[in-house]
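**Student:** Take a look at entry_21.cif, mmCIF, C-alpha atoms and all ligand atoms:
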data_model
loop_
_atom_site.label_atom_id
_atom_site.label_comp_id
_atom_site.auth_asym_id
_atom_site.auth_seq_id
_atom_site.Cartn_x
_atom_site.Cartn_y
_atom_site.Cartn_z
CA MET A 15 149.24 97.54 -5.67
CA ASP A 16 151.04 95.66 -2.90
CA ILE A 17 152.77 93.05 -5.02
CA ILE A 18 154.94 90.24 -3.73
CA VAL A 19 156.75 87.57 -5.72
CA GLN A 20 157.09 84.04 -4.33
CA LYS A 21 159.34 81.41 -5.92
CA PHE A 22 159.16 77.68 -5.24
CA GLY A 23 162.02 75.39 -6.33
CA GLY A 24 161.97 71.86 -7.74
CA SER A 25 161.79 69.96 -4.44
CA SER A 26 159.05 72.29 -3.16
CA VAL A 27 156.75 71.44 -6.10
CA ALA A 28 157.78 67.79 -6.57
CA THR A 29 154.40 66.17 -5.83
CA THR A 30 150.70 67.06 -5.70
CA GLU A 31 150.88 66.98 -1.92
CA LYS A 32 153.75 69.46 -1.96
CA LEU A 33 151.87 71.70 -4.37
CA GLU A 34 149.17 71.87 -1.67
CA GLN A 35 151.75 73.14 0.80
CA VAL A 36 152.90 75.67 -1.79
CA SER A 37 149.30 76.80 -2.27
CA SER A 38 148.94 77.49 1.44
CA HIS A 39 151.89 79.94 1.33
CA ILE A 40 150.32 81.69 -1.66
CA ILE A 41 146.86 81.88 -0.12
CA ALA A 42 148.28 83.24 3.15
CA GLU A 43 149.58 86.29 1.22
CA VAL A 44 146.39 86.69 -0.83
CA ASN A 45 144.43 86.72 2.44
CA LYS A 46 146.64 89.56 3.66
CA GLY A 47 145.49 91.59 0.65
CA LYS A 48 148.66 91.12 -1.40
CA LYS A 49 148.77 90.66 -5.16
CA VAL A 50 150.85 87.54 -5.68
CA VAL A 51 153.08 86.51 -8.57
CA VAL A 52 154.35 82.95 -8.19
CA VAL A 53 157.39 81.59 -10.02
CA VAL A 54 157.91 77.84 -10.09
CA SER A 55 160.56 75.35 -11.16
CA ALA A 56 160.06 72.02 -12.87
CA GLN A 57 158.82 69.30 -10.50
CA GLY A 58 161.52 67.37 -8.61
CA LYS A 59 164.21 66.03 -10.93
CA THR A 60 162.27 66.73 -14.17
CA THR A 61 165.00 68.93 -15.70
CA ASP A 62 167.67 66.27 -14.98
CA ARG A 63 165.44 63.65 -16.58
CA LEU A 64 164.88 65.76 -19.69
CA ILE A 65 168.64 66.26 -20.03
CA SER A 66 169.39 62.55 -19.69
CA GLU A 67 166.73 61.76 -22.31
CA GLU A 68 168.39 64.30 -24.58
CA GLN A 69 171.75 62.56 -24.02
CA GLU A 70 170.20 59.33 -25.35
CA ILE A 71 169.75 61.14 -28.66
CA THR A 72 172.88 63.28 -28.88
CA LYS A 73 175.94 64.14 -26.79
CA ARG A 74 176.21 67.55 -28.46
CA PRO A 75 172.65 68.89 -28.63
CA ASN A 76 171.73 71.90 -30.67
CA LYS A 77 171.46 74.63 -28.03
CA ARG A 78 168.23 76.09 -29.39
CA GLU A 79 166.51 72.71 -29.27
CA HIS A 80 167.99 72.05 -25.82
CA ASP A 81 166.25 75.18 -24.53
CA VAL A 82 162.97 74.20 -26.16
CA LEU A 83 163.20 70.86 -24.38
CA VAL A 84 164.27 71.87 -20.88
CA SER A 85 161.85 74.81 -20.69
CA THR A 86 158.92 72.36 -20.81
CA GLY A 87 159.36 71.14 -17.21
CA GLU A 88 158.27 74.48 -15.76
CA GLN A 89 155.22 74.59 -18.05
CA ILE A 90 153.85 71.44 -16.41
CA THR A 91 154.16 72.97 -12.95
CA ILE A 92 152.44 76.27 -13.81
CA SER A 93 149.38 74.58 -15.24
CA LYS A 94 149.04 72.14 -12.34
CA LEU A 95 149.45 74.83 -9.70
CA SER A 96 146.98 77.17 -11.42
CA MET A 97 144.41 74.37 -11.64
CA MET A 98 144.92 73.56 -7.98
CA LEU A 99 144.44 77.20 -6.93
CA ASN A 100 141.28 77.35 -9.10
CA GLU A 101 139.98 74.23 -7.37
CA MET A 102 140.59 75.94 -4.03
CA GLY A 103 138.41 78.84 -5.16
CA PHE A 104 141.09 81.34 -6.21
CA LYS A 105 141.52 83.01 -9.59
CA ALA A 106 144.87 81.98 -11.03
CA ILE A 107 146.44 82.01 -14.47
CA SER A 108 149.62 80.44 -15.78
CA LEU A 109 152.10 82.23 -18.05
CA THR A 110 155.25 80.91 -19.74
CA GLY A 111 158.29 83.14 -20.26
CA TRP A 112 157.35 83.89 -23.86
CA GLN A 113 153.72 84.65 -23.04
CA ILE A 114 154.70 87.49 -20.65
CA PRO A 115 157.16 88.14 -22.47
CA ILE A 116 160.49 88.05 -20.64
CA VAL A 117 162.76 89.18 -23.46
CA THR A 118 166.36 87.92 -23.44
CA ASN A 119 169.39 87.87 -25.69
CA SER A 120 169.89 84.80 -27.91
CA ASP A 121 172.59 83.16 -25.81
CA TYR A 122 170.84 79.79 -25.53
CA THR A 123 171.32 77.83 -22.25
CA ASN A 124 172.65 80.94 -20.54
CA SER A 125 170.56 83.82 -21.85
CA ARG A 126 170.37 87.15 -20.08
CA ILE A 127 167.23 89.21 -19.60
CA ARG A 128 166.96 92.37 -21.71
CA TYR A 129 163.59 93.55 -20.43
CA ILE A 130 160.26 92.33 -19.09
CA ASN A 131 156.98 93.60 -20.45
CA SER A 132 154.96 93.70 -17.24
CA LYS A 133 151.68 94.91 -18.82
CA LYS A 134 150.00 91.53 -19.04
CA VAL A 135 151.03 90.47 -15.53
CA LEU A 136 149.77 93.76 -14.07
CA GLU A 137 146.43 93.41 -15.86
CA TYR A 138 145.91 89.91 -14.48
CA LEU A 139 146.87 91.08 -10.98
CA GLU A 140 144.45 93.99 -11.22
CA SER A 141 141.65 91.59 -12.06
CA ASP A 142 142.49 89.63 -8.89
CA ASN A 143 144.39 86.75 -10.43
CA ILE A 144 147.29 84.95 -8.86
CA VAL A 145 149.81 84.94 -11.72
CA VAL A 146 151.81 81.71 -11.94
CA VAL A 147 154.96 82.08 -14.04
CA ALA A 148 157.27 79.43 -15.48
CA GLY A 149 160.80 79.95 -14.15
CA PHE A 150 164.15 80.00 -15.94
CA GLN A 151 162.91 80.87 -19.42
CA GLY A 152 162.40 83.74 -21.79
CA VAL A 153 162.19 84.53 -25.46
CA ASP A 154 164.64 86.34 -27.74
CA GLU A 155 163.77 89.17 -30.14
CA GLU A 156 163.20 86.60 -32.92
CA GLY A 157 160.73 84.57 -30.89
CA ASN A 158 163.06 81.69 -29.93
CA ILE A 159 162.68 80.14 -26.49
CA THR A 160 165.75 80.67 -24.29
CA THR A 161 166.73 79.49 -20.80
CA PHE A 162 168.86 81.09 -18.08
CA GLY A 163 171.07 78.18 -16.95
CA ARG A 164 170.54 75.63 -14.18
CA GLY A 165 168.91 77.11 -11.10
CA GLY A 166 167.68 80.08 -13.15
CA SER A 167 164.13 80.25 -11.76
CA ASP A 168 165.46 82.38 -8.90
CA THR A 169 166.51 84.90 -11.54
CA THR A 170 163.03 84.93 -13.10
CA ALA A 171 161.56 85.64 -9.66
CA VAL A 172 163.84 88.51 -8.68
CA ALA A 173 163.71 90.03 -12.18
CA LEU A 174 159.90 90.02 -12.05
CA ALA A 175 159.99 91.55 -8.56
CA ALA A 176 162.21 94.32 -9.93
CA ALA A 177 160.05 94.92 -13.02
CA LEU A 178 156.81 94.94 -11.01
CA GLU A 179 158.35 97.03 -8.22
CA ALA A 180 157.27 94.36 -5.77
CA GLU A 181 157.66 94.80 -2.02
CA ARG A 182 159.89 91.77 -1.77
CA CYS A 183 160.78 88.45 -3.33
CA ASP A 184 160.46 85.29 -1.24
CA ILE A 185 162.54 82.34 -2.43
CA PHE A 186 161.01 79.22 -0.89
CA THR A 187 163.24 76.15 -0.89
CA ASP A 188 164.09 73.01 1.09
CA VAL A 189 166.27 74.78 3.68
CA ASP A 190 165.09 77.62 5.93
CA GLY A 191 167.67 80.19 4.89
CA VAL A 192 171.26 80.84 3.95
CA TYR A 193 173.77 79.11 6.18
CA THR A 194 177.50 79.52 6.72
CA SER A 195 177.91 76.48 4.47
CA ASP A 196 175.79 73.86 2.75
CA PRO A 197 173.96 72.03 5.59
CA ARG A 198 174.17 68.86 3.49
CA ILE A 199 177.97 68.97 3.66
CA GLU A 200 178.60 70.32 7.14
CA PRO A 201 175.89 69.58 9.74
CA ASP A 202 177.20 72.10 12.24
CA VAL A 203 176.34 75.25 10.24
CA ARG A 204 174.89 78.54 11.46
CA LYS A 205 171.97 80.32 9.87
CA LEU A 206 172.57 83.90 8.77
CA ASN A 207 169.64 86.21 9.61
CA LYS A 208 170.82 88.75 7.09
CA ILE A 209 173.49 88.83 4.44
CA ASP A 210 174.78 91.57 2.17
CA TYR A 211 174.13 91.32 -1.60
CA ASP A 212 177.85 91.30 -2.36
CA GLU A 213 178.61 88.47 0.04
CA MET A 214 175.61 86.48 -1.17
CA LEU A 215 176.65 87.05 -4.77
CA GLU A 216 180.10 85.69 -4.03
CA LEU A 217 178.74 82.76 -2.01
CA ALA A 218 176.38 81.84 -4.87
CA SER A 219 179.07 82.33 -7.51
CA GLN A 220 181.46 80.10 -5.59
CA GLY A 221 179.00 77.22 -5.58
CA ALA A 222 176.36 77.78 -2.87
CA LYS A 223 173.44 76.91 -5.12
CA VAL A 224 170.82 78.04 -2.63
CA LEU A 225 170.46 81.13 -4.88
CA HIS A 226 171.26 81.58 -8.58
CA ASN A 227 174.03 84.19 -8.59
CA ARG A 228 172.34 86.31 -11.25
CA CYS A 229 169.24 86.80 -9.09
CA VAL A 230 171.45 88.38 -6.44
CA GLU A 231 172.98 90.70 -9.04
CA ILE A 232 169.50 91.87 -10.07
CA GLY A 233 168.39 92.18 -6.43
CA LYS A 234 171.32 94.46 -5.71
CA LYS A 235 170.87 96.55 -8.83
CA PHE A 236 167.15 97.18 -8.25
CA ASN A 237 167.17 97.02 -4.45
CA VAL A 238 164.81 94.05 -4.16
CA PRO A 239 164.72 92.56 -0.65
CA ILE A 240 165.18 88.80 -1.12
CA TYR A 241 164.09 86.38 1.60
CA VAL A 242 165.24 82.74 1.50
CA LYS A 243 162.70 80.61 3.40
CA SER A 244 161.59 77.03 3.85
CA THR A 245 158.50 75.75 2.04
CA PHE A 246 158.08 73.07 4.67
CA GLU A 247 158.08 75.21 7.83
CA ARG A 248 154.99 77.21 8.63
CA GLU A 249 156.60 80.31 10.09
CA SER A 250 160.01 80.25 8.48
CA VAL A 251 161.74 83.61 9.10
CA GLY A 252 164.57 82.78 6.73
CA THR A 253 167.48 84.94 5.66
CA LEU A 254 167.18 88.44 4.27
CA VAL A 255 169.54 89.37 1.45
CA THR A 256 169.84 93.14 1.42
CA ASN A 257 172.19 96.09 1.24
CA ASN A 258 174.76 96.43 4.02
CA PRO A 259 172.56 94.81 6.69
CA TYR A 260 175.14 95.09 9.41
CA LYS A 261 174.92 98.80 10.06
CA GLU A 262 171.69 98.58 12.05
CA GLU A 263 172.49 95.40 13.85
CA ASN A 264 175.44 94.81 16.08
CA LEU A 265 176.14 91.38 14.69
CA GLU A 266 178.98 89.27 15.93
CA ASP A 267 182.09 90.21 14.08
CA LEU A 268 182.47 87.08 12.04
CA LEU A 269 185.80 86.73 10.29
CA ILE A 270 184.06 85.14 7.33
CA ASN A 271 180.44 84.60 6.35
CA GLY A 272 180.59 81.35 4.53
CA VAL A 273 182.40 78.42 2.98
CA ALA A 274 181.36 77.08 -0.44
CA LYS A 275 182.58 74.60 -3.00
CA ASP A 276 182.26 74.22 -6.71
CA ASP A 277 182.94 70.68 -7.94
CA TYR A 278 183.96 69.23 -11.30
CA ILE A 279 186.58 71.72 -12.33
CA SER A 280 189.62 71.13 -14.51
CA ARG A 281 192.85 73.07 -14.77
CA ILE A 282 194.65 73.65 -18.05
CA THR A 283 198.24 74.88 -18.20
CA ILE A 284 199.80 76.34 -21.31
CA VAL A 285 203.49 75.67 -20.76
CA GLY A 286 206.19 77.82 -22.32
CA MET A 287 204.13 80.49 -24.04
CA GLU A 288 206.12 83.20 -25.73
CA ASN A 289 206.46 86.08 -23.25
CA LYS A 290 205.39 88.77 -25.68
CA ILE A 291 202.79 91.54 -25.45
CA GLY A 292 199.46 90.37 -26.84
CA LYS A 293 199.97 86.60 -26.45
CA THR A 294 197.81 86.34 -23.34
CA TYR A 295 195.13 88.38 -25.09
CA GLU A 296 195.23 86.02 -28.09
CA LEU A 297 194.73 83.00 -25.85
CA PHE A 298 191.80 84.41 -23.89
CA ASN A 299 190.21 85.93 -26.97
CA LEU A 300 190.23 82.47 -28.52
CA LEU A 301 188.52 81.04 -25.45
CA ALA A 302 185.94 83.85 -25.46
CA GLU A 303 185.18 83.43 -29.17
CA ASN A 304 184.48 79.77 -28.46
CA GLN A 305 182.15 80.70 -25.56
CA ILE A 306 184.34 78.98 -22.98
CA SER A 307 184.03 80.47 -19.49
CA VAL A 308 187.32 80.68 -17.70
CA ASP A 309 187.49 81.07 -13.96
CA VAL A 310 190.74 81.13 -11.93
CA ILE A 311 193.72 82.43 -13.94
CA VAL A 312 197.34 82.31 -12.79
CA GLN A 313 200.31 83.45 -14.84
CA SER A 314 203.85 82.65 -13.82
CA LEU A 315 207.28 82.86 -15.34
CA GLY A 316 208.36 79.50 -16.62
CA GLU A 317 211.91 78.41 -17.28
CA TYR A 318 214.13 80.86 -19.17
CA VAL A 319 212.09 83.65 -20.75
CA ASN A 320 208.81 81.96 -21.51
CA LYS A 321 205.71 82.04 -19.34
CA ASP A 322 203.20 79.48 -18.11
CA ILE A 323 199.50 80.30 -17.87
CA SER A 324 197.06 78.14 -15.93
CA PHE A 325 193.31 78.59 -15.87
CA THR A 326 190.28 76.58 -14.88
CA VAL A 327 187.25 75.55 -16.91
CA LYS A 328 184.28 73.40 -15.96
CA MET A 329 184.74 69.66 -16.58
CA ASN A 330 181.87 69.87 -19.09
CA ASP A 331 183.90 72.25 -21.22
CA LEU A 332 187.23 70.41 -20.93
CA ASP A 333 187.16 68.27 -24.08
CA ARG A 334 186.17 71.02 -26.45
CA THR A 335 188.62 73.45 -24.82
CA LEU A 336 191.54 71.03 -25.27
CA GLU A 337 190.45 70.31 -28.83
CA MET A 338 190.31 74.00 -29.63
CA LEU A 339 193.69 74.71 -28.00
CA GLU A 340 195.38 71.85 -29.89
CA GLN A 341 194.01 73.23 -33.16
CA ASN A 342 195.47 76.65 -32.34
CA LYS A 343 198.73 75.50 -30.79
CA GLU A 344 200.79 77.42 -33.33
CA LEU A 345 198.87 80.64 -32.90
CA ILE A 346 199.40 80.61 -29.13
CA ASN A 347 202.94 79.32 -29.54
CA ALA A 348 202.82 76.88 -26.63
CA GLU A 349 205.49 74.26 -25.92
CA GLU A 350 202.99 72.00 -24.25
CA ILE A 351 199.37 71.95 -23.07
CA VAL A 352 198.76 69.94 -19.89
CA HIS A 353 195.68 69.52 -17.77
CA SER A 354 194.34 68.02 -14.51
CA GLU A 355 190.81 66.76 -14.15
CA ASN A 356 188.46 66.22 -11.21
CA LEU A 357 189.30 69.22 -9.10
CA SER A 358 187.11 71.33 -6.86
CA LYS A 359 187.27 74.98 -5.89
CA VAL A 360 186.76 75.64 -2.19
CA SER A 361 186.22 79.25 -1.13
CA ILE A 362 185.76 81.35 1.99
CA ILE A 363 183.71 84.54 1.68
CA GLY A 364 183.53 87.68 3.80
CA VAL A 365 183.62 91.43 3.23
CA GLY A 366 187.13 92.83 3.64
CA ILE A 367 188.60 89.37 4.00
CA THR A 368 192.01 90.32 2.69
CA ASN A 369 192.25 93.20 5.20
CA LYS A 370 191.84 90.83 8.12
CA PRO A 371 195.24 89.49 9.07
CA GLY A 372 195.52 85.77 9.55
CA VAL A 373 192.41 84.69 7.64
CA ALA A 374 194.36 83.08 4.78
CA ALA A 375 196.74 81.40 7.23
CA LYS A 376 193.79 79.99 9.16
CA MET A 377 192.25 78.55 6.00
CA PHE A 378 195.55 76.98 4.92
CA GLU A 379 196.13 75.62 8.43
CA ALA A 380 192.75 73.84 8.29
CA LEU A 381 193.71 72.23 4.98
CA TYR A 382 197.16 71.29 6.27
CA GLU A 383 195.68 69.66 9.37
CA ALA A 384 193.25 67.71 7.17
CA ASN A 385 196.17 66.64 4.98
CA ILE A 386 194.76 68.26 1.86
CA ASN A 387 196.96 69.57 -0.92
CA MET A 388 196.15 72.85 -2.71
CA HIS A 389 196.76 73.16 -6.43
CA MET A 390 196.06 76.83 -6.98
CA ILE A 391 195.15 79.85 -4.82
CA THR A 392 193.36 83.09 -5.73
CA THR A 393 192.17 85.98 -3.59
CA SER A 394 189.93 89.01 -4.00
CA GLU A 395 188.64 91.71 -1.62
CA ILE A 396 185.85 89.39 -0.59
CA LYS A 397 187.07 85.80 -1.03
CA ILE A 398 189.93 83.33 -0.96
CA SER A 399 189.63 80.28 -3.22
CA VAL A 400 191.81 77.19 -3.46
CA LEU A 401 191.74 74.28 -5.87
CA VAL A 402 191.80 70.84 -4.26
CA ASP A 403 191.21 67.32 -5.54
CA LEU A 404 187.51 66.59 -6.00
CA GLU A 405 187.72 63.65 -3.61
CA ASP A 406 188.96 66.02 -0.86
CA SER A 407 186.38 68.76 -1.39
CA THR A 408 183.81 67.73 1.23
CA LYS A 409 186.52 67.15 3.82
CA ALA A 410 188.03 70.54 2.93
CA VAL A 411 184.75 72.42 3.46
CA GLN A 412 184.21 70.66 6.79
CA ALA A 413 187.76 71.32 8.01
CA ILE A 414 187.66 75.00 7.05
CA HIS A 415 184.17 75.52 8.47
CA ARG A 416 185.17 73.98 11.80
CA LYS A 417 188.31 76.10 11.95
CA PHE A 418 186.38 79.36 11.58
CA PHE A 419 183.10 78.63 13.32
CA ASN A 420 183.87 76.26 16.21
P1 LIG B 501 165.53 74.78 -5.20
O1 LIG B 501 165.18 73.54 -5.93
O2 LIG B 501 164.50 75.18 -4.20
O3 LIG B 501 165.92 75.90 -6.10
P2 LIG B 501 168.31 74.23 -4.64
O4 LIG B 501 168.64 72.79 -4.54
O5 LIG B 501 168.65 74.97 -5.88
O6 LIG B 501 166.78 74.43 -4.29
O7 LIG B 501 169.00 75.02 -3.42
C1 LIG B 501 168.79 74.61 -2.10
C2 LIG B 501 169.99 73.82 -1.64
O8 LIG B 501 171.13 74.66 -1.59
C3 LIG B 501 169.89 73.29 -0.24
O9 LIG B 501 169.22 72.06 -0.19
C4 LIG B 501 171.35 73.17 0.21
O10 LIG B 501 171.82 71.84 0.14
C5 LIG B 501 172.10 73.99 -0.83
N1 LIG B 501 173.05 74.97 -0.26
C6 LIG B 501 174.33 75.15 -0.67
N2 LIG B 501 174.94 76.07 0.05
C7 LIG B 501 174.05 76.53 0.95
C8 LIG B 501 174.10 77.53 1.99
N3 LIG B 501 175.20 78.24 2.23
N4 LIG B 501 172.99 77.73 2.73
C9 LIG B 501 171.86 77.03 2.49
N5 LIG B 501 171.76 76.08 1.53
C10 LIG B 501 172.83 75.83 0.77
N1 LIG B 502 164.36 73.61 -13.58
C1 LIG B 502 165.61 74.32 -13.76
C2 LIG B 502 166.76 73.52 -13.15
O1 LIG B 502 166.53 72.43 -12.63
C3 LIG B 502 165.58 75.71 -13.21
C4 LIG B 502 165.39 75.84 -11.72
O2 LIG B 502 164.97 74.90 -11.04
O3 LIG B 502 165.67 76.92 -11.18
O4 LIG B 502 167.88 73.94 -13.22
MG MG B 503 167.74 76.46 -7.03
#
Show how you would write the structure in this file as structure tokens.
Ligand code: ADP
Ligand code: ASP
Ligand code: MG
**Tutor:**
Amino acid sequence: MDIIVQKFGGSSVATTEKLEQVSSHIIAEVNKGKKVVVVVSAQGKTTDRLISEEQEITKRPNKREHDVLVSTGEQITISKLSMMLNEMGFKAISLTGWQIPIVTNSDYTNSRIRYINSKKVLEYLESDNIVVVAGFQGVDEEGNITTFGRGGSDTTAVALAAALEAERCDIFTDVDGVYTSDPRIEPDVRKLNKIDYDEMLELASQGAKVLHNRCVEIGKKFNVPIYVKSTFERESVGTLVTNNPYKEENLEDLLINGVAKDDYISRITIVGMENKIGKTYELFNLLAENQISVDVIVQSLGEYVNKDISFTVKMNDLDRTLEMLEQNKELINAEEIVHSENLSKVSIIGVGITNKPGVAAKMFEALYEANINMHMITTSEIKISVLVDLEDSTKAVQAIHRKFFN
């Protein structure tokens, strides 16, 4: 079977009129003889609305019930789209995550896929159905509904493409590909025809929400070609995410491939921790046990013999992290716990970035010229990230992008 998976995001399915446009992309593939699996998001801002309604009831929702609530948005879209395709004369059937089933672990709000039972989907495809699947949700071994985290419908799509050994996975969205930065932040961006899985993974992980980072991980692991295309352009060529795409094509030797930002970050510093083997482990074990994701970590020698450790957490996790640290102040033996709020992480991404002399200096020069202060710096083989004030983050992306691409 020549199977392809198409995914349509929230803005692509926002209205009945837009669902018609979506249907035309699906039908075009059916008419080419392809078996089509469609993954859809909730319509427009439905998920945001469900979350704000939840906030009217509780500020600390039970995570299981949260997943039951937010998974409903996608269920509305699958039924509407299937009905529309039926009306147009095509066989189509809707399936939720648990009906397939897409089996995950029980980590509510951020569950990971264990396996997909593709039997049912394959049977429907064989009997000439278009299979319309609800994105971003699964079911754990006990039958509880789970979700994959915001933007997780991309992950449903690529995971299904891997499980069904599909030819490719097309991610249709409101931009016609992956650009060197978010076109909503910097108008003068360039479209990338192809991008390597590793670079795309880093770009997505550093805040370019055009793809959910976990879908890129799966794409790389199972070699699924992922195309990012526009729903609203008829012949959108898009961007291909694949393995080492540069060897066949003599692309311009770009110093970097992209600039991204991740807003609403806070930095916590544990001042004057005892400089003893095992103390750092105790601190991060505590954070892990409380399911707090830590990003940038910097350790430095403080005054005298003690050490200071700084790390970042998302603003959403700040209150409970501080609460937990205060409760365990004796265990971690800290003199003081200080924090800064409303920061943003701005990153540049490119393979071998740290082997290219002058790249870091160029990034810092752009920030200096824009009069932006950096609060923390981290580097890896493939990226350089700096923390800046949230209010400077847009200006920082623009300044850095112009420095490298103009
Ligand atoms: P969908 O609802 O289709 O999943 P998203 O809003 O999740 O769409 O992702 C598409 C958005 O990603 C675009 O509208 C764009 O603003 C943003 N974006 C961020 N970084 C990039 C980038 N490097 N290239 C393209 N789009 C980007
Ligand atoms: N509807 C979910 C969200 O808004 C999942 C998705 O759109 O990918 O995050
Ligand atoms: Mg998305």
**Student:** Would you mind reading off the distance between atom CA of A:Met338 and atom CA of A:Ser361, one decimal, in Å?
**Tutor:**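 Calculated distance between atom CA of A:Met338 and atom CA of A:Ser361 is 29.3 Å.
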**Student:** Given only C-alpha atoms and all ligand atoms as the basis, pick out the residue of A:Tyr138, A:Tyr129, A:Phe186, A:Tyr122 nearest to ligand LIG 501 (chain B).
**Tutor:**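 Counting only C-alpha atoms and all ligand atoms, the residue closest to ligand LIG 501 (chain B) is A:Phe186.
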**Student:** Output the neighbourhood of ligand LIG 501 (chain B) as a count of residues only, that is, all protein and nucleic acid residues with some atom at most 8 Å from the ligand, counting only C-alpha atoms and all ligand atoms.
**Tutor:** 37
**Student:** Nearest to ligand LIG 502 (chain B) among A:Arg164, A:Leu95, A:His39, A:Val50, with distances taken over only C-alpha atoms and all ligand atoms: which residue is it?
**Tutor:**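 Under the stated criterion, the closest residue is A:Arg164.
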**Student:** Please determine, counting all atoms listed in the file, which residue among A:Leu99, A:Ile346, A:Ile116, A:Met214 has the shortest atom-to-atom distance to A:Lys290.
**Tutor:**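 Among A:Leu99, A:Ile346, A:Ile116, A:Met214, it is A:Ile346 that comes nearest to A:Lys290.
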**Student:** Atom CA of A:Ser38 and atom CA of A:Val52 are how many Å apart?
**Tutor:** 12.3 Å
**Student:** Which distance in Å separates atom CA of A:Leu174 and atom CA of A:Ile18, to one decimal?
**Tutor:**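 Pair atom CA of A:Leu174 / atom CA of A:Ile18 returns 9.7 Å.
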**Student:** Identify which of the residues A:Ser141, A:Thr118, A:Thr161, A:Thr368 lies closest to ligand LIG 502 (chain B), counting all atoms listed in the file when measuring atom-to-atom distances.
**Tutor:**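 That would be A:Thr161, the residue with the smallest distance to ligand LIG 502 (chain B).
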**Student:** Out of A:Val242, A:Ile159, A:Ala384, A:Val153, which residue has the shortest atom-to-atom distance to A:Val82 when counting all atoms listed in the file?
**Tutor:**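 Counting all atoms listed in the file, the residue closest to A:Val82 is A:Ile159.
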**Student:** Taking (147.2, 88.7, 1.4) as a centre in this file's frame and 12 Å as the limit, can you find every polymer residue with an atom that close, using all atoms listed in the file, and give them as an MDAnalysis selection string?
**Tutor:** chainID A and resid 15:19 38:51 142 144
**Student:** For each of A:Val308, A:Leu268, A:Leu206, A:Cys229, take the minimum atom-to-atom distance to ligand MG 503 (chain B), counting only C-alpha atoms and all ligand atoms, then give the residue where this is smallest.
**Tutor:**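 Of A:Val308, A:Leu268, A:Leu206, A:Cys229, the one nearest ligand MG 503 (chain B), counting only C-alpha atoms and all ligand atoms, is A:Cys229.
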**Student:** Residues near A:Ser85, anyone? I mean within 8 Å using all atoms listed in the file, not counting same-chain ones fewer than 4 positions away, as a PDB file with C-alpha atoms, in the frame of the given file.
**Tutor:**
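Result saved to around_9.pdb:
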ATOM      1  CA  ASP A  81     166.250  75.180 -24.530  1.00  0.00           C
ATOM      2  CA  GLN A  89     155.220  74.590 -18.050  1.00  0.00           C
ATOM      3  CA  PHE A 150     164.150  80.000 -15.940  1.00  0.00           C
ATOM      4  CA  GLN A 151     162.910  80.870 -19.420  1.00  0.00           C
ATOM      5  CA  ILE A 159     162.680  80.140 -26.490  1.00  0.00           C
ATOM      6  CA  THR A 160     165.750  80.670 -24.290  1.00  0.00           C
ATOM      7  CA  THR A 161     166.730  79.490 -20.800  1.00  0.00           C
TER       8      THR A 161
END
**Student:** Within 12 Å of stretch 73-79 of chain A, counting all atoms listed in the file, which residues qualify if same-chain residues fewer than 6 places away don't, as a ChimeraX atom specification?
**Tutor:** /A:64-67,85-86,120-125,153-154,157-161,163,330-331,333-334
**Student:** Excluding same-chain residues fewer than 5 positions from A:Leu339, what lies within 10 Å of it counting only C-alpha atoms, as a PyMOL selection string?
**Tutor:** chain A and resi 284+297+300-301+333-334+344-346+348+351
**Student:** Report, as AutoDock Vina command-line options, the axis-aligned box around all atoms of ligand LIG 502 (chain B) present in the file, extended by 4 Å on each side; give centre and edge lengths in Å to one decimal place.
**Tutor:**
--center_x 166.1 --center_y 74.7 --center_z -12.4 --size_x 11.5 --size_y 12.5 --size_z 10.7
**Student:** Please determine the residues with any atom at most 6 Å from (183.7, 84.3, 2.1) (coordinates as given in the file, with all atoms listed in the file counting) and report them as a list in words.
**Tutor:**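 In the file's frame, the residues around the point are Ile270, Asn271, Gly272, Ile362, Ile363, Gly364 and Lys397 of chain A.
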**Student:** Would you write out, as JSON lines, a table of all residues in stretch 228-303 of chain A that have an atom no more than 9 Å from an atom of stretch 354-358 of chain A, listing for each the closest atom pair and the distance in Å to one decimal, considering all atoms listed in the file and ordering rows by chain and rising residue number?
**Tutor:**
{"residue": "A:Lys275", "atom": "CA", "partner": "A:Ser358", "partner_atom": "CA", "distance": 6.8}
{"residue": "A:Asp276", "atom": "CA", "partner": "A:Ser358", "partner_atom": "CA", "distance": 5.6}
{"residue": "A:Asp277", "atom": "CA", "partner": "A:Ser358", "partner_atom": "CA", "distance": 4.4}
{"residue": "A:Tyr278", "atom": "CA", "partner": "A:Asn356", "partner_atom": "CA", "distance": 5.4}
{"residue": "A:Ile279", "atom": "CA", "partner": "A:Leu357", "partner_atom": "CA", "distance": 4.9}
{"residue": "A:Ser280", "atom": "CA", "partner": "A:Glu355", "partner_atom": "CA", "distance": 4.5}
{"residue": "A:Arg281", "atom": "CA", "partner": "A:Ser354", "partner_atom": "CA", "distance": 5.3}
{"residue": "A:Ile282", "atom": "CA", "partner": "A:Ser354", "partner_atom": "CA", "distance": 6.7}
{"residue": "A:Thr283", "atom": "CA", "partner": "A:Ser354", "partner_atom": "CA", "distance": 8.7}
